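Visitor: Handing you a structure now.
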Amino acid sequence: MNKFVKTLYGAGSVLLASMATPLMAASSDFAGLFLGIYSSAIGVELEGDHNDNQSNVTTGAIGKFALIGGAEAGYSFPLGDKLLIDIGISVMPGGAKITSDNALSSDVSFEISDHVTYYIQPKIAISDTSAIYLKLGQSDADTTVSGDVNKPDDISGNLFAIGTQTIFPNGKVYLKTEAGFTDYDQIKVTGKGSTGGVSTGTTVTADPTIAFGTVSLGIRF
């Protein structure tokens, strides 16, 4: 919750300041259908507990860094001279895998992949070619685990980001930069009790958070 409040506070301050600045930008310069591809540098953190069948709880955290590509599509609706609302979907087919054999789990690997995000994106044009935005979205992802545990359910979470958009002189191609995070639901797995594995009654839980920085290149129609 603290990360959400800080993100909204910072982004809101920038958006309000830009609205108070006199300018001649027209939202029509950014309106319409858009398609893009992007590359993201992501950091995945799992904070979790290992609870054995004797009620002994061990807490730990593990992390992973990865570079992943994806694509997005959406439509930008003008609401005034400077204000627009983007509605879109982004797909990130890759994923990050984290393996731990210590405090967090007994030799259990978690993988979070194939992220799909549906988002709404209020945007303010600060010139004829530049805009800033706040992104709020719902993300879904596939989860897999390896080790002597049962497969968990797939997860969903809330995405929060801020970014900038610049349109090139031809008026069609754009560049976006973005930073944000996704706070996913908890992953919970239970041991199968195989020989030498995670015993029956043991549970491993993890709370995934993904922080990311993204650069996008796209075209508007």
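Residues in the structure tokens are numbered from 1 in each chain, the chains being A, B, ... in the order shown, and ligands are numbered from 1 in the order shown.
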Name all residues at most 10 Å from segment 65-70 of chain A (count only C-alpha atoms; drop same-chain ones fewer than 3 positions away) and give them as a PyMOL selection string.
Guide: chain A and resi 36-45+90-98+114-116+210-216
Visitor: Once you have the residues from the selection above, write them out as a compact mmCIF listing (two decimals), in the first residue's frame, restricted to C-alpha atoms.
Guide:
# COMPACT_ATOMS: atom_id res chain seq x y z
CA GLY A 36 3.92 -1.05 -30.01
CA ILE A 37 6.69 -3.40 -28.99
CA TYR A 38 8.75 -3.02 -25.85
CA SER A 39 11.66 -4.28 -23.84
CA SER A 40 11.52 -4.45 -20.04
CA ALA A 41 14.17 -4.83 -17.40
CA ILE A 42 12.36 -6.50 -14.51
CA GLY A 43 13.29 -7.41 -10.99
CA VAL A 44 11.25 -10.15 -9.30
CA GLU A 45 11.21 -10.51 -5.53
CA SER A 90 0.02 -5.54 -23.11
CA VAL A 91 1.42 -9.04 -23.42
CA MET A 92 4.77 -10.20 -22.05
CA PRO A 93 5.33 -13.82 -23.15
CA GLY A 94 8.56 -14.39 -21.24
CA GLY A 95 9.10 -14.91 -17.55
CA ALA A 96 11.55 -15.15 -14.66
CA LYS A 97 12.42 -18.26 -12.69
CA ILE A 98 13.67 -18.24 -9.12
CA ASP A 114 3.15 -14.99 -19.77
CA HIS A 115 1.99 -11.73 -18.21
CA VAL A 116 -1.13 -10.13 -19.68
CA ILE A 210 7.79 -7.20 -9.93
CA ALA A 211 9.48 -3.83 -10.46
CA PHE A 212 10.16 -2.84 -14.05
CA GLY A 213 11.57 -0.23 -16.39
CA THR A 214 10.27 -0.31 -19.96
CA VAL A 215 11.17 1.29 -23.30
CA SER A 216 8.54 1.04 -26.06
Visitor: Using only C-alpha atoms, which residues sit within 12 Å of segment 29-35 of chain A once same-chain residues fewer than 2 positions away are excluded, as a PyMOL selection string?
Guide: chain A and resi 24-27+37-38+70-91+123-133+165-176+216-221
Visitor: Taking only C-alpha atoms into account, which of A:Ala206, A:Ala161, A:Ile112, A:Leu134 comes nearest Thr190 of chain A?
Guide: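 Distance minimum relative to Thr190 of chain A lands on A:Ala206.
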Visitor: Smallest atom-to-atom distance to Gln186 of chain A: which of A:Phe110, A:Thr203, A:Ile162, A:Ser156, using only C-alpha atoms?
Guide: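 Answer, going by the shortest atom-to-atom distance: A:Ser156.
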